[in-house]
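Participant: Dropping the structure in here first, questions after.
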Amino acid sequence: MPIKQQEIEVLLKEGFPDADIEIQDLAGDDNHFSAKIVSSQFKGKNRVQQHQMVYKALKGKMGGELHALALTTEEK
Amino acid sequence: MSDINKQLDEIIKNNKVVLFMKGTPDMPQCGFSMAVANVLKHLEVEFTGINVLDDEEIRNGIKEYSNWPTIPQLYVKEEFVGGCDIIREMFEKKELQKLFQEKEIKYKN
């Protein structure tokens, strides 16, 4: 059961209210996206922790409905 | 500690560099797993490939073990380093090479 790009945006906005978020649909199949997130919440966190924060914001959809998310995170 | 966590502990403790992946290093069955295996081959790093497709318990257990929802997963000297995105980014920024140096893992630049 794929996931709509808009749904990803809503979840990420909720998780990172201050963030600049860029999402691209890589394959047009609602299953492969890339996302760049720049947020102050990443301050002092290493990359693994930053990505884990994003997966948490996606509420378990990562690896399930959302098969592939090429992720780039940056501190604001 | 559950059996699966004991089993995962064993694998991670007994292998300096271990990649939980879909398929094997020579026959990867997923683009992301292949990408990480290729980075390790390019750097001529000796590593152990664990094919999660062979064992559903490992496939799910490793995700909880590392609190990471996807495969592949790379561990170096018992430390979870990351999945495909992070390994690729670290490789491009030479951070992966630096990590191998710090952890005294043989690699070729």
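Residues are named by chain letter and number: chains run A, B, ... in the order of the structure tokens, numbers start at 1 in each chain, and ligands are numbered from 1 in the order shown.
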Counting only C-alpha atoms, a student should be able to say which residues of chain B come within 7 Å of chain A; what is the right answer, written as a VMD selection string?

Facilitator: chain B and resid 68 to 70 82 85

Participant: Excluding B:Met27 and residues on its chain fewer than 4 positions from it, collect all residues at most 12 Å away from it, counting only C-alpha atoms, and give them as number ranges by chain.

Facilitator: B: 21-23, 31, 33-35, 37-38, 49-51

Participant: Compile the contact shell of B:Glu78 as a list in words: residues with an atom at most 6 Å away, counting only C-alpha atoms, same-chain residues fewer than 2 positions apart removed.

Facilitator: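 Here the qualifying residues turn out to be Ile12, Lys13, Tyr75 and Val76 of chain B.
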
Participant: With all heavy atoms retained, export the selected residues as an mmCIF file, in the first residue's frame.

Facilitator:
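Wrote it out as selection.cif, contents follow:
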data_model
loop_
_atom_site.group_PDB
_atom_site.id
_atom_site.type_symbol
_atom_site.label_atom_id
_atom_site.label_comp_id
_atom_site.auth_asym_id
_atom_site.auth_seq_id
_atom_site.Cartn_x
_atom_site.Cartn_y
_atom_site.Cartn_z
ATOM 1 N N ILE B 12 27.476 -9.569 15.487
ATOM 2 C CA ILE B 12 28.073 -8.227 15.451
ATOM 3 C C ILE B 12 29.381 -8.189 16.233
ATOM 4 O O ILE B 12 30.329 -7.505 15.859
ATOM 5 C CB ILE B 12 27.048 -7.190 15.961
ATOM 6 C CG1 ILE B 12 25.960 -7.013 14.886
ATOM 7 C CG2 ILE B 12 27.686 -5.848 16.286
ATOM 8 C CD1 ILE B 12 24.706 -6.345 15.368
ATOM 9 N N LYS B 13 29.450 -9.000 17.306
ATOM 10 C CA LYS B 13 30.692 -9.019 18.097
ATOM 11 C C LYS B 13 31.801 -9.771 17.363
ATOM 12 O O LYS B 13 32.968 -9.417 17.443
ATOM 13 C CB LYS B 13 30.439 -9.690 19.453
ATOM 14 C CG LYS B 13 29.793 -8.751 20.466
ATOM 15 C CD LYS B 13 29.962 -9.265 21.910
ATOM 16 C CE LYS B 13 29.463 -8.220 22.895
ATOM 17 N NZ LYS B 13 27.974 -8.369 23.132
ATOM 18 N N TYR B 75 27.625 -2.403 10.275
ATOM 19 C CA TYR B 75 28.216 -2.304 11.611
ATOM 20 C C TYR B 75 29.725 -2.419 11.477
ATOM 21 O O TYR B 75 30.213 -3.268 10.726
ATOM 22 C CB TYR B 75 27.718 -3.449 12.506
ATOM 23 C CG TYR B 75 26.266 -3.334 12.871
ATOM 24 C CD1 TYR B 75 25.275 -3.643 11.946
ATOM 25 C CD2 TYR B 75 25.876 -2.882 14.138
ATOM 26 C CE1 TYR B 75 23.933 -3.511 12.272
ATOM 27 C CE2 TYR B 75 24.523 -2.749 14.469
ATOM 28 C CZ TYR B 75 23.565 -3.063 13.530
ATOM 29 O OH TYR B 75 22.229 -2.924 13.846
ATOM 30 N N VAL B 76 30.442 -1.547 12.172
ATOM 31 C CA VAL B 76 31.911 -1.611 12.187
ATOM 32 C C VAL B 76 32.354 -1.657 13.641
ATOM 33 O O VAL B 76 32.032 -0.752 14.423
ATOM 34 C CB VAL B 76 32.527 -0.382 11.476
ATOM 35 C CG1 VAL B 76 34.051 -0.400 11.602
ATOM 36 C CG2 VAL B 76 32.113 -0.339 10.000
#

Participant: Pick out the residues sitting within 10 Å of stretch 53-58 of chain B, and hand them over as a list in words; count only C-alpha atoms, and ignore anything fewer than 6 positions along from it in its own chain.

Facilitator: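 Residues near the query, excluding close chain neighbours: Ile4, Asn5, Gln7, Leu8, Phe20, Met21, Lys22, Gly23, Thr24, Gln29, Glu64 and Tyr65 of chain B.
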
Participant: Enumerate the residues of chain A with a DSSP assignment of alpha helix (DSSP H), computed from the backbone, and present them as a list of chain:residue names.

Facilitator: A:Gln5, A:Gln6, A:Glu7, A:Ile8, A:Glu9, A:Val10, A:Leu11, A:Leu12, A:Lys13, A:Glu14, A:Gly15, A:Arg47, A:Val48, A:Gln49, A:Gln50, A:His51, A:Gln52, A:Met53, A:Val54, A:Tyr55, A:Lys56, A:Ala57

Participant: Interatomic distance between atom CA of B:Leu43 and atom CA of B:Gly83?

Facilitator: 16.9 Å

Participant: What's the separation between atom CA of B:Lys98 and atom CA of B:Ile71, in Å to one decimal place?

Facilitator: 23.4 Å

Participant: Please list as a ChimeraX atom specification every residue within 9 Å of A:Ile37, counting only C-alpha atoms and excluding residues in the same chain fewer than 4 positions away.

Facilitator: /A:12,16,19-23,54,71-75

Participant: Return the single residue from B:Glu10, B:Val45, B:Pro25, B:Arg59 that is closest to B:Tyr107, with distances computed using only C-alpha atoms.

Facilitator: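 Counting only C-alpha atoms, the residue closest to B:Tyr107 is B:Val45.
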
Participant: So what do you get for atom CA of B:Lys41 versus atom CA of B:Asn15, distance-wise?

Facilitator: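 About the pair atom CA of B:Lys41 and atom CA of B:Asn15: they are 16.4 Å apart.
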
Participant: Write out as JSON, numbers by chain all residues of chain A that DSSP puts in strand (DSSP E or B) for this structure's backbone.

Facilitator: {"A": [20, 21, 22, 23, 24, 25, 32, 33, 34, 35, 36, 37, 38, 39, 62, 66, 68, 69, 70, 71, 72, 73, 74, 75]}
